[in-house]
>>> print(open('work.txt').read())   # compact mmCIF, C-alpha atoms
# COMPACT_ATOMS: atom_id res chain seq x y z
CA MET A 1 -132.28 -111.46 -50.62
CA ALA A 2 -133.08 -114.61 -52.56
CA THR A 3 -133.49 -116.54 -49.31
CA LYS A 4 -136.09 -114.17 -47.88
CA GLU A 5 -139.70 -115.18 -48.48
CA ILE A 6 -141.65 -112.22 -49.89
CA PRO A 7 -145.46 -112.37 -49.59
CA ASP A 8 -147.13 -112.96 -52.96
CA ILE A 9 -149.34 -109.90 -52.48
CA ILE A 10 -146.19 -107.73 -52.54
CA VAL A 11 -144.83 -109.59 -55.58
CA SER A 12 -148.15 -108.92 -57.32
CA ARG A 13 -147.68 -105.15 -56.99
CA LEU A 14 -144.10 -104.99 -58.31
CA PRO A 15 -145.07 -105.38 -61.99
CA ILE A 16 -147.52 -102.50 -61.56
CA TYR A 17 -144.80 -100.26 -60.14
CA LEU A 18 -142.44 -101.34 -62.92
CA ARG A 19 -145.01 -100.59 -65.64
CA ALA A 20 -145.62 -97.08 -64.31
CA LEU A 21 -141.89 -96.39 -63.88
CA GLN A 22 -141.08 -97.57 -67.42
CA ARG A 23 -143.85 -95.37 -68.74
CA MET A 24 -142.40 -92.36 -66.88
CA GLN A 25 -139.00 -93.26 -68.29
CA GLU A 26 -140.41 -93.29 -71.83
CA HIS A 27 -141.60 -89.75 -71.15
CA GLY A 28 -138.11 -88.71 -70.13
CA ILE A 29 -138.85 -88.45 -66.41
CA GLN A 30 -135.74 -89.27 -64.38
CA SER A 31 -136.89 -89.30 -60.78
CA THR A 32 -140.07 -89.72 -58.77
CA SER A 33 -141.38 -89.98 -55.24
CA SER A 34 -143.51 -92.65 -53.59
CA GLN A 35 -146.29 -90.02 -53.55
CA GLU A 36 -146.16 -89.40 -57.30
CA LEU A 37 -145.82 -93.10 -58.13
CA GLY A 38 -148.67 -93.83 -55.75
CA GLU A 39 -150.98 -91.40 -57.51
CA ARG A 40 -150.13 -92.96 -60.86
CA VAL A 41 -150.90 -96.52 -59.75
CA GLY A 42 -153.60 -95.90 -57.17
CA ILE A 43 -151.61 -97.36 -54.28
CA SER A 44 -150.64 -95.42 -51.16
CA ALA A 45 -147.15 -93.95 -50.87
CA ALA A 46 -146.68 -95.74 -47.54
CA GLN A 47 -147.51 -99.10 -49.13
CA ILE A 48 -145.06 -98.50 -51.96
CA ARG A 49 -142.25 -97.59 -49.56
CA LYS A 50 -143.01 -100.64 -47.44
CA ASP A 51 -143.13 -102.96 -50.46
CA LEU A 52 -139.85 -101.69 -51.91
CA SER A 53 -138.10 -101.74 -48.53
CA GLN A 54 -138.43 -105.55 -48.62
CA PHE A 55 -135.73 -105.57 -51.28
CA GLY A 56 -133.30 -102.96 -49.97
CA GLU A 57 -132.82 -99.20 -50.02
CA PHE A 58 -133.92 -97.75 -53.34
CA GLY A 59 -134.73 -94.14 -52.55
CA LYS A 60 -133.26 -91.27 -50.60
CA GLN A 61 -135.17 -89.27 -48.01
CA GLY A 62 -136.07 -85.99 -49.68
CA THR A 63 -134.83 -86.77 -53.20
CA GLY A 64 -137.03 -89.80 -53.93
CA TYR A 65 -136.28 -92.54 -56.44
CA TYR A 66 -133.92 -92.38 -59.41
CA ILE A 67 -136.11 -94.09 -62.01
CA PRO A 68 -133.47 -95.83 -64.20
CA PHE A 69 -131.96 -97.40 -61.07
CA LEU A 70 -135.33 -98.52 -59.67
CA VAL A 71 -136.41 -99.90 -63.07
CA ASP A 72 -133.21 -101.96 -63.28
CA LYS A 73 -133.69 -103.25 -59.74
CA LEU A 74 -137.32 -104.22 -60.29
CA ARG A 75 -136.51 -105.91 -63.60
CA HIS A 76 -133.81 -107.88 -61.79
CA ILE A 77 -136.06 -108.79 -58.86
CA LEU A 78 -138.84 -109.94 -61.19
CA HIS A 79 -136.37 -111.86 -63.41
CA VAL A 80 -137.40 -109.87 -66.46
CA ASP A 81 -133.93 -108.41 -67.08
CA ARG A 82 -133.77 -111.21 -69.63
CA LEU A 83 -136.10 -112.29 -72.47
CA TRP A 84 -138.20 -115.38 -71.67
CA ASP A 85 -139.38 -117.58 -74.53
CA VAL A 86 -143.15 -117.98 -74.40
CA ALA A 87 -145.43 -120.34 -76.32
CA VAL A 88 -149.05 -119.59 -77.24
CA VAL A 89 -151.34 -122.62 -77.33
CA GLY A 90 -154.67 -122.17 -79.09
CA MET A 91 -154.74 -119.91 -82.14
CA GLY A 92 -158.28 -118.56 -82.11
CA ASP A 93 -159.02 -114.83 -82.02
CA ILE A 94 -157.37 -114.37 -78.63
CA GLY A 95 -154.35 -116.51 -79.50
CA HIS A 96 -153.81 -114.50 -82.67
CA ALA A 97 -154.12 -111.20 -80.80
CA ILE A 98 -151.57 -112.34 -78.21
CA ALA A 99 -149.20 -113.65 -80.87
CA ARG A 100 -149.27 -110.32 -82.70
CA TYR A 101 -149.09 -108.13 -79.58
CA GLN A 102 -146.01 -105.91 -79.66
CA GLY A 103 -145.97 -105.06 -75.96
CA PHE A 104 -144.24 -108.13 -74.52
CA SER A 105 -140.64 -107.72 -75.62
CA ASN A 106 -139.83 -104.63 -73.56
CA ARG A 107 -141.31 -106.33 -70.52
CA GLY A 108 -139.27 -109.53 -70.60
CA PHE A 109 -141.15 -111.91 -72.89
CA CYS A 110 -140.89 -113.08 -76.48
CA VAL A 111 -143.48 -115.28 -78.17
CA THR A 112 -141.43 -117.94 -79.95
CA MET A 113 -143.87 -120.81 -80.56
CA LEU A 114 -147.52 -121.18 -81.58
CA PHE A 115 -149.64 -124.33 -81.40
CA ASP A 116 -153.12 -125.39 -82.47
CA ASN A 117 -154.92 -128.70 -82.94
CA ASP A 118 -156.80 -127.62 -86.09
CA PRO A 119 -155.19 -129.10 -89.24
CA ALA A 120 -156.56 -126.08 -91.17
CA LYS A 121 -154.45 -123.74 -89.01
CA VAL A 122 -151.28 -125.81 -88.59
CA GLY A 123 -148.64 -124.52 -90.99
CA ASP A 124 -150.16 -121.02 -91.22
CA LYS A 125 -147.88 -118.13 -90.38
CA VAL A 126 -148.60 -115.41 -87.82
CA GLY A 127 -145.93 -112.77 -88.19
CA ASP A 128 -142.68 -114.75 -88.47
CA LEU A 129 -143.96 -117.80 -86.63
CA VAL A 130 -145.52 -120.94 -88.05
CA ILE A 131 -148.43 -122.54 -86.17
CA ARG A 132 -147.32 -126.00 -85.10
CA ASP A 133 -149.37 -129.12 -84.49
CA ILE A 134 -150.34 -129.52 -80.83
CA LYS A 135 -149.17 -133.13 -81.13
CA GLU A 136 -145.62 -131.73 -81.04
CA LEU A 137 -146.36 -129.67 -77.92
CA VAL A 138 -144.52 -131.65 -75.25
CA THR A 139 -141.53 -132.52 -77.42
CA ALA A 140 -141.11 -128.98 -78.73
CA LEU A 141 -141.47 -127.22 -75.38
CA ARG A 142 -138.99 -129.62 -73.80
CA ALA A 143 -136.49 -129.31 -76.66
CA GLU A 144 -136.51 -125.50 -76.47
CA GLU A 145 -136.88 -125.48 -72.66
CA VAL A 146 -139.88 -123.15 -72.84
CA LYS A 147 -141.09 -122.60 -69.28
CA ILE A 148 -143.90 -120.08 -69.84
CA VAL A 149 -147.08 -120.68 -71.83
CA MET A 150 -150.10 -118.56 -72.65
CA LEU A 151 -153.05 -120.91 -72.88
CA ALA A 152 -155.87 -119.72 -75.14
CA VAL A 153 -157.78 -122.93 -75.87
CA PRO A 154 -161.51 -123.46 -75.19
CA ALA A 155 -162.55 -124.10 -71.59
CA ALA A 156 -163.49 -127.70 -72.35
CA THR A 157 -159.93 -128.67 -73.35
CA ALA A 158 -157.90 -126.35 -71.10
CA GLN A 159 -157.26 -128.88 -68.29
CA ALA A 160 -156.12 -131.60 -70.70
CA VAL A 161 -153.68 -129.20 -72.36
CA ALA A 162 -152.50 -127.95 -68.95
CA ASP A 163 -151.68 -131.56 -68.03
CA LYS A 164 -149.50 -131.74 -71.16
CA LEU A 165 -147.79 -128.48 -70.20
CA VAL A 166 -146.95 -129.91 -66.78
CA GLU A 167 -145.57 -133.01 -68.52
CA ALA A 168 -143.43 -130.69 -70.67
CA ASP A 169 -141.96 -129.14 -67.51
CA VAL A 170 -143.66 -125.77 -68.05
CA LYS A 171 -143.49 -123.69 -64.86
CA ALA A 172 -145.88 -120.81 -65.53
CA ILE A 173 -149.23 -120.72 -67.33
CA LEU A 174 -151.15 -117.58 -68.20
CA ASN A 175 -154.60 -119.05 -68.67
CA TYR A 176 -157.09 -117.29 -70.97
CA ALA A 177 -159.56 -120.19 -70.83
CA PRO A 178 -162.46 -119.34 -68.50
CA VAL A 179 -161.87 -122.25 -66.15
CA SER A 180 -159.74 -122.89 -63.06
CA LEU A 181 -156.81 -125.23 -63.72
CA SER A 182 -155.57 -127.95 -61.43
CA VAL A 183 -151.76 -128.19 -61.56
CA PRO A 184 -148.99 -129.25 -59.15
CA SER A 185 -147.98 -126.57 -56.65
CA HIS A 186 -144.63 -125.93 -58.37
CA VAL A 187 -146.48 -124.71 -61.47
CA HIS A 188 -147.74 -121.12 -61.34
CA VAL A 189 -151.01 -120.08 -62.93
CA GLN A 190 -152.41 -116.61 -63.54
CA TYR A 191 -155.83 -116.03 -65.04
CA ILE A 192 -157.07 -113.64 -67.70
CA ASP A 193 -160.86 -113.74 -67.86
CA PRO A 194 -162.57 -110.49 -68.82
CA ALA A 195 -165.99 -111.68 -67.57
CA ILE A 196 -164.52 -112.08 -64.07
CA GLY A 197 -163.38 -108.45 -64.10
CA LEU A 198 -166.73 -107.29 -65.48
CA GLN A 199 -168.73 -109.23 -62.88
CA ARG A 200 -166.56 -107.92 -60.09
CA MET A 201 -167.43 -104.36 -61.19
CA ALA A 202 -171.11 -105.15 -61.86
CA TYR A 203 -171.46 -105.88 -58.14
CA TYR A 204 -171.03 -102.15 -57.52
CA LEU A 205 -173.46 -101.05 -60.25
CA ASP A 206 -177.22 -100.80 -59.89
CA MET B 1 -178.11 -107.18 -47.47
CA ALA B 2 -177.65 -104.20 -49.76
CA THR B 3 -176.79 -101.99 -46.82
CA LYS B 4 -173.99 -104.22 -45.53
CA GLU B 5 -170.53 -103.29 -46.73
CA ILE B 6 -168.80 -106.38 -48.12
CA PRO B 7 -164.98 -106.23 -48.41
CA ASP B 8 -163.84 -106.00 -52.03
CA ILE B 9 -161.55 -109.01 -51.58
CA ILE B 10 -164.66 -111.14 -50.95
CA VAL B 11 -166.47 -109.59 -53.92
CA SER B 12 -163.45 -110.46 -56.08
CA ARG B 13 -163.83 -114.18 -55.30
CA LEU B 14 -167.56 -114.45 -56.03
CA PRO B 15 -167.18 -114.45 -59.86
CA ILE B 16 -164.65 -117.28 -59.51
CA TYR B 17 -167.11 -119.36 -57.48
CA LEU B 18 -169.87 -118.55 -59.97
CA ARG B 19 -167.74 -119.57 -62.95
CA ALA B 20 -166.91 -122.94 -61.38
CA LEU B 21 -170.52 -123.56 -60.33
CA GLN B 22 -171.86 -122.74 -63.80
CA ARG B 23 -169.32 -125.08 -65.29
CA MET B 24 -170.43 -127.88 -62.95
CA GLN B 25 -174.02 -127.10 -63.91
CA GLU B 26 -173.16 -127.43 -67.60
CA HIS B 27 -171.86 -130.89 -66.77
CA GLY B 28 -175.16 -131.82 -65.14
CA ILE B 29 -173.84 -131.70 -61.56
CA GLN B 30 -176.63 -130.65 -59.18
CA SER B 31 -174.94 -130.27 -55.82
CA THR B 32 -171.51 -129.67 -54.37
CA SER B 33 -169.67 -129.06 -51.11
CA SER B 34 -167.35 -126.26 -50.08
CA GLN B 35 -164.57 -128.89 -50.19
CA GLU B 36 -165.25 -129.89 -53.79
CA LEU B 37 -165.75 -126.29 -54.94
CA GLY B 38 -162.57 -125.32 -53.11
CA GLU B 39 -160.55 -127.95 -54.93
CA ARG B 40 -161.89 -126.71 -58.25
CA VAL B 41 -161.00 -123.06 -57.65
CA GLY B 42 -157.92 -123.44 -55.46
CA ILE B 43 -159.47 -121.68 -52.45
CA SER B 44 -159.95 -123.31 -49.04
CA ALA B 45 -163.34 -124.70 -48.09
CA ALA B 46 -163.32 -122.59 -44.92
CA GLN B 47 -162.76 -119.42 -46.95
CA ILE B 48 -165.61 -120.28 -49.32
CA ARG B 49 -168.02 -120.94 -46.43
CA LYS B 50 -166.97 -117.70 -44.76
CA ASP B 51 -167.34 -115.67 -47.97
CA LEU B 52 -170.78 -117.07 -48.78
CA SER B 53 -172.01 -116.65 -45.20
CA GLN B 54 -171.74 -112.88 -45.71
CA PHE B 55 -174.80 -113.11 -47.94
CA GLY B 56 -176.98 -115.57 -46.03
CA GLU B 57 -177.43 -119.31 -45.59
CA PHE B 58 -176.81 -121.10 -48.88
CA GLY B 59 -175.89 -124.63 -47.89
CA LYS B 60 -177.01 -127.27 -45.44
CA GLN B 61 -174.71 -129.02 -43.00
CA GLY B 62 -174.04 -132.46 -44.46
CA THR B 63 -175.81 -132.02 -47.81
CA GLY B 64 -173.78 -129.07 -49.14
CA TYR B 65 -174.91 -126.61 -51.78
CA TYR B 66 -177.69 -127.06 -54.33
CA ILE B 67 -175.94 -125.63 -57.39
CA PRO B 68 -178.90 -124.08 -59.32
CA PHE B 69 -179.93 -122.19 -56.17
CA LEU B 70 -176.39 -120.97 -55.41
CA VAL B 71 -175.84 -119.94 -59.06
CA ASP B 72 -179.06 -117.90 -58.98
CA LYS B 73 -178.06 -116.27 -55.70
CA LEU B 74 -174.56 -115.38 -56.89
CA ARG B 75 -175.87 -114.00 -60.19
CA HIS B 76 -178.28 -111.86 -58.21
CA ILE B 77 -175.64 -110.65 -55.75
CA LEU B 78 -173.24 -109.78 -58.59
CA HIS B 79 -176.03 -108.08 -60.58
CA VAL B 80 -175.47 -110.38 -63.53
CA ASP B 81 -178.98 -111.86 -63.48
CA ARG B 82 -179.54 -109.32 -66.25
CA LEU B 83 -177.68 -108.56 -69.49
CA TRP B 84 -175.51 -105.42 -69.34
CA ASP B 85 -174.78 -103.53 -72.55
CA VAL B 86 -171.04 -103.14 -73.03
CA ALA B 87 -169.10 -101.01 -75.51
CA VAL B 88 -165.66 -101.87 -76.87
CA VAL B 89 -163.44 -98.88 -77.61
CA GLY B 90 -160.39 -99.54 -79.81
CA MET B 91 -160.79 -102.09 -82.57
CA GLY B 92 -157.27 -103.45 -82.97
CA ASP B 93 -156.50 -107.16 -82.62
CA ILE B 94 -157.60 -107.27 -78.98
CA GLY B 95 -160.74 -105.22 -79.59
CA HIS B 96 -161.73 -107.52 -82.43
CA ALA B 97 -161.12 -110.62 -80.31
CA ILE B 98 -163.25 -109.20 -77.48
CA ALA B 99 -166.02 -108.15 -79.88
CA ARG B 100 -166.20 -111.63 -81.36
CA TYR B 101 -165.88 -113.50 -78.04
CA GLN B 102 -168.93 -115.71 -77.43
CA GLY B 103 -168.40 -116.17 -73.71
CA PHE B 104 -169.91 -112.97 -72.33
CA SER B 105 -173.65 -113.45 -72.82
CA ASN B 106 -174.11 -116.32 -70.37
CA ARG B 107 -172.19 -114.32 -67.78
CA GLY B 108 -174.24 -111.14 -67.86
CA PHE B 109 -172.75 -109.01 -70.63
CA CYS B 110 -173.55 -108.21 -74.24
CA VAL B 111 -171.26 -106.21 -76.52
CA THR B 112 -173.58 -103.73 -78.23
CA MET B 113 -171.28 -100.94 -79.48
CA LEU B 114 -167.84 -100.71 -81.08
CA PHE B 115 -165.74 -97.58 -81.52
CA ASP B 116 -162.47 -96.67 -83.22
CA ASN B 117 -160.78 -93.44 -84.29
CA ASP B 118 -159.38 -94.85 -87.56
CA PRO B 119 -161.47 -93.68 -90.55
CA ALA B 120 -160.40 -96.85 -92.37
CA LYS B 121 -162.13 -98.96 -89.69
CA VAL B 122 -165.21 -96.83 -89.00
CA GLY B 123 -168.20 -98.34 -90.82
CA ASP B 124 -166.70 -101.86 -90.93
CA LYS B 125 -168.80 -104.63 -89.45
CA VAL B 126 -167.67 -107.08 -86.78
CA GLY B 127 -170.35 -109.72 -86.49
CA ASP B 128 -173.62 -107.77 -86.46
CA LEU B 129 -172.10 -104.55 -85.15
CA VAL B 130 -170.79 -101.58 -87.11
CA ILE B 131 -167.65 -99.83 -85.86
CA ARG B 132 -168.62 -96.26 -84.98
CA ASP B 133 -166.52 -93.12 -84.99
CA ILE B 134 -165.01 -92.37 -81.59
CA LYS B 135 -166.23 -88.79 -82.07
CA GLU B 136 -169.71 -90.15 -81.31
CA LEU B 137 -168.50 -91.89 -78.14
CA VAL B 138 -169.93 -89.64 -75.43
CA THR B 139 -173.23 -88.98 -77.20
CA ALA B 140 -173.82 -92.62 -78.09
CA LEU B 141 -172.93 -94.03 -74.67
CA ARG B 142 -175.17 -91.48 -72.97
CA ALA B 143 -178.06 -92.06 -75.37
CA GLU B 144 -177.99 -95.81 -74.79
CA GLU B 145 -177.04 -95.47 -71.10
CA VAL B 146 -174.09 -97.81 -71.51
CA LYS B 147 -172.35 -98.03 -68.13
CA ILE B 148 -169.64 -100.60 -68.87
CA VAL B 149 -166.79 -100.23 -71.37
CA MET B 150 -163.90 -102.44 -72.41
CA LEU B 151 -161.04 -100.16 -73.33
CA ALA B 152 -158.59 -101.59 -75.87
CA VAL B 153 -156.84 -98.47 -77.19
CA PRO B 154 -153.05 -97.90 -77.15
CA ALA B 155 -151.50 -96.91 -73.81
CA ALA B 156 -150.72 -93.41 -75.06
CA THR B 157 -154.38 -92.52 -75.61
CA ALA B 158 -156.03 -94.58 -72.84
CA GLN B 159 -156.26 -91.78 -70.25
CA ALA B 160 -157.78 -89.30 -72.71
CA VAL B 161 -160.42 -91.85 -73.74
CA ALA B 162 -161.06 -92.74 -70.09
CA ASP B 163 -161.76 -89.05 -69.41
CA LYS B 164 -164.40 -89.17 -72.19
CA LEU B 165 -165.91 -92.30 -70.65
CA VAL B 166 -166.24 -90.53 -67.30
CA GLU B 167 -167.89 -87.62 -69.12
CA ALA B 168 -170.32 -90.11 -70.67
CA ASP B 169 -171.26 -91.34 -67.17
CA VAL B 170 -169.64 -94.76 -67.64
CA LYS B 171 -169.31 -96.51 -64.27
CA ALA B 172 -167.02 -99.45 -65.01
CA ILE B 173 -163.98 -99.75 -67.27
CA LEU B 174 -162.20 -102.98 -68.11
CA ASN B 175 -158.87 -101.58 -69.23
CA TYR B 176 -156.73 -103.58 -71.69
CA ALA B 177 -154.29 -100.71 -72.22
CA PRO B 178 -151.07 -101.34 -70.27
CA VAL B 179 -151.33 -98.19 -68.17
CA SER B 180 -152.97 -97.24 -64.87
CA LEU B 181 -155.98 -94.95 -65.30
CA SER B 182 -156.89 -92.00 -63.14
CA VAL B 183 -160.67 -91.75 -62.72
CA PRO B 184 -163.06 -90.44 -60.03
CA SER B 185 -163.67 -92.85 -57.15
CA HIS B 186 -167.23 -93.63 -58.27
CA VAL B 187 -165.85 -95.17 -61.49
CA HIS B 188 -164.57 -98.73 -61.20
CA VAL B 189 -161.55 -99.97 -63.15
CA GLN B 190 -160.25 -103.48 -63.62
CA TYR B 191 -157.08 -104.23 -65.55
CA ILE B 192 -156.25 -106.90 -68.10
CA ASP B 193 -152.52 -106.84 -68.84
CA PRO B 194 -150.95 -110.18 -69.72
CA ALA B 195 -147.41 -108.89 -69.12
CA ILE B 196 -148.32 -108.14 -65.50
CA GLY B 197 -149.43 -111.74 -65.00
CA LEU B 198 -146.31 -113.05 -66.74
CA GLN B 199 -143.96 -110.87 -64.68
CA ARG B 200 -145.66 -111.90 -61.46
CA MET B 201 -144.95 -115.54 -62.33
CA ALA B 202 -141.42 -114.87 -63.62
CA TYR B 203 -140.50 -113.76 -60.09
CA TYR B 204 -140.82 -117.41 -59.05
CA LEU B 205 -138.81 -118.82 -61.98
CA ASP B 206 -135.05 -119.06 -62.20
>>> encode(input="work.txt", output="structure tokens")
Amino acid sequence: MATKEIPDIIVSRLPIYLRALQRMQEHGIQSTSSQELGERVGISAAQIRKDLSQFGEFGKQGTGYYIPFLVDKLRHILHVDRLWDVAVVGMGDIGHAIARYQGFSNRGFCVTMLFDNDPAKVGDKVGDLVIRDIKELVTALRAEEVKIVMLAVPAATAQAVADKLVEADVKAILNYAPVSLSVPSHVHVQYIDPAIGLQRMAYYLD
Amino acid sequence: MATKEIPDIIVSRLPIYLRALQRMQEHGIQSTSSQELGERVGISAAQIRKDLSQFGEFGKQGTGYYIPFLVDKLRHILHVDRLWDVAVVGMGDIGHAIARYQGFSNRGFCVTMLFDNDPAKVGDKVGDLVIRDIKELVTALRAEEVKIVMLAVPAATAQAVADKLVEADVKAILNYAPVSLSVPSHVHVQYIDPAIGLQRMAYYLD
């Protein structure tokens, strides 16, 4: 399976399936169908079956999917059947909110390092973590082999910090700064920009 | 133009072009090419030309795009050449960060109302705005004709609040709660869930 190239558009839907399945699991639901899952996530049953079939046989004709099994499989496929260390860079309002967010750990991620360039913030604690000086960024990320970073610095400095993250051998950046980043192709970037989502919807409003 | 149906995938890229163009404008850059814009946003020049051609002729062969003109056109197409009132529902860490975020107003949105269900928070001020009781949600949104809401309540209550938003004639929901929402087809939903972005990237890590 690892040798088969899966289109990124399919990969992008797997976390959405996983989120819905884990939520059903929390509610004590043991099994589901592609129809029911589809209604929950707003994706067609046929698409879900096709997406999942890329990775093997997960359901039975007539009885549907056994949720604990499918959750385990999806967590394995997405490499979130472990806990990834994640650093937050930029401790403004958004950085603080991310650092304090309780919803990462059951989805494969643990915030273990915080950085800022403001001497007034360095040394402050957020939860159990101390905000470190951004001057230590490359050394610290390398030493702890942190591969995933959430970047919450202002737009004007985001590219310069991203260059440092690449230098530190970071492989995945979740970018909250409202600017496109230029990074080598082996580094993955996903964007969180609420104004983009709002504008996309405003198109349909009058 | 208004009568032509534009695929949503094209609509989804327009805010990304606009963001990059506005950023170039802030740096005093007056003109660009589909090549240069493409490098900035990580989308091919051919795709950009094809997307923009859906809406008319914006560039000249050889001289490229005049940025102030293209910015105006894109703002008009996306309906962000005005300022939309936006309400934030749920004033936890994320809600506070959104409410205080300075980056909405130059992109077409103004946070004008805050709501929470916690009596300890109702009446508190965030910036110039007072947190209102969620009991007033439907009445207040209707009275002010607020059509866009950022929803930052816990996952467990998100659907119930979304139902209230539909009742209040809200047309667009930016949902920060980590759960898919079920709403009528005339209501638009976009999702902000950092764990989804992280999981999508973790697939490619080993």
>>> closest_residue(input="work.txt", among="B:Val183, B:Leu78, B:Ala155, B:Val138", to="chain A", atoms="only C-alpha atoms")
B:Leu78
>>> interface_residues(input="work.txt", of="chain A", to="chain B", cutoff="6 Å", atoms="all atoms listed in the file", output="PyMOL selection string")
chain A and resi 12+15+41+78-79+93-94+97+180+190+196-197+200+202-203
>>> atom_distance(input="work.txt", atom1="atom CA of B:Gly62", atom2="atom CA of B:Ile29")
17.1 Å
>>> residues_around(input="work.txt", residues="A:Val89", least_positions_apart="5", cutoff="7 Å", atoms="all atoms listed in the file", output="PyMOL selection string")
chain A and resi 114-116+150-153
>>> atom_distance(input="work.txt", atom1="atom CA of A:Tyr66", atom2="atom CA of A:Gln30")
6.1 Å
>>> atom_distance(input="work.txt", atom1="atom CA of A:Asp163", atom2="atom CA of B:Met24")
19.8 Å
>>> residues_near_point(input="work.txt", point="(-166.7, -88.0, -70.8)", cutoff="12 Å", atoms="all atoms listed in the file", output="JSON, numbers by chain")
{"B": [134, 135, 136, 137, 138, 139, 140, 141, 142, 147, 159, 160, 161, 162, 163, 164, 165, 166, 167, 168, 169, 170, 171, 183, 184, 187]}
>>> write_last_selection(input="work.txt", atoms="C-alpha atoms", output="PDB file, keeping the file's coordinate frame")
ATOM      1  CA  ILE B 134    -165.010 -92.370 -81.590  1.00  0.00           C
ATOM      2  CA  LYS B 135    -166.230 -88.790 -82.070  1.00  0.00           C
ATOM      3  CA  GLU B 136    -169.710 -90.150 -81.310  1.00  0.00           C
ATOM      4  CA  LEU B 137    -168.500 -91.890 -78.140  1.00  0.00           C
ATOM      5  CA  VAL B 138    -169.930 -89.640 -75.430  1.00  0.00           C
ATOM      6  CA  THR B 139    -173.230 -88.980 -77.200  1.00  0.00           C
ATOM      7  CA  ALA B 140    -173.820 -92.620 -78.090  1.00  0.00           C
ATOM      8  CA  LEU B 141    -172.930 -94.030 -74.670  1.00  0.00           C
ATOM      9  CA  ARG B 142    -175.170 -91.480 -72.970  1.00  0.00           C
ATOM     10  CA  LYS B 147    -172.350 -98.030 -68.130  1.00  0.00           C
ATOM     11  CA  GLN B 159    -156.260 -91.780 -70.250  1.00  0.00           C
ATOM     12  CA  ALA B 160    -157.780 -89.300 -72.710  1.00  0.00           C
ATOM     13  CA  VAL B 161    -160.420 -91.850 -73.740  1.00  0.00           C
ATOM     14  CA  ALA B 162    -161.060 -92.740 -70.090  1.00  0.00           C
ATOM     15  CA  ASP B 163    -161.760 -89.050 -69.410  1.00  0.00           C
ATOM     16  CA  LYS B 164    -164.400 -89.170 -72.190  1.00  0.00           C
ATOM     17  CA  LEU B 165    -165.910 -92.300 -70.650  1.00  0.00           C
ATOM     18  CA  VAL B 166    -166.240 -90.530 -67.300  1.00  0.00           C
ATOM     19  CA  GLU B 167    -167.890 -87.620 -69.120  1.00  0.00           C
ATOM     20  CA  ALA B 168    -170.320 -90.110 -70.670  1.00  0.00           C
ATOM     21  CA  ASP B 169    -171.260 -91.340 -67.170  1.00  0.00           C
ATOM     22  CA  VAL B 170    -169.640 -94.760 -67.640  1.00  0.00           C
ATOM     23  CA  LYS B 171    -169.310 -96.510 -64.270  1.00  0.00           C
ATOM     24  CA  VAL B 183    -160.670 -91.750 -62.720  1.00  0.00           C
ATOM     25  CA  PRO B 184    -163.060 -90.440 -60.030  1.00  0.00           C
ATOM     26  CA  VAL B 187    -165.850 -95.170 -61.490  1.00  0.00           C
TER      27      VAL B 187
END
>>> closest_residue(input="work.txt", among="B:Lys50, B:Lys60, B:Arg132, B:Lys73", to="B:Val88", atoms="only C-alpha atoms")
B:Arg132
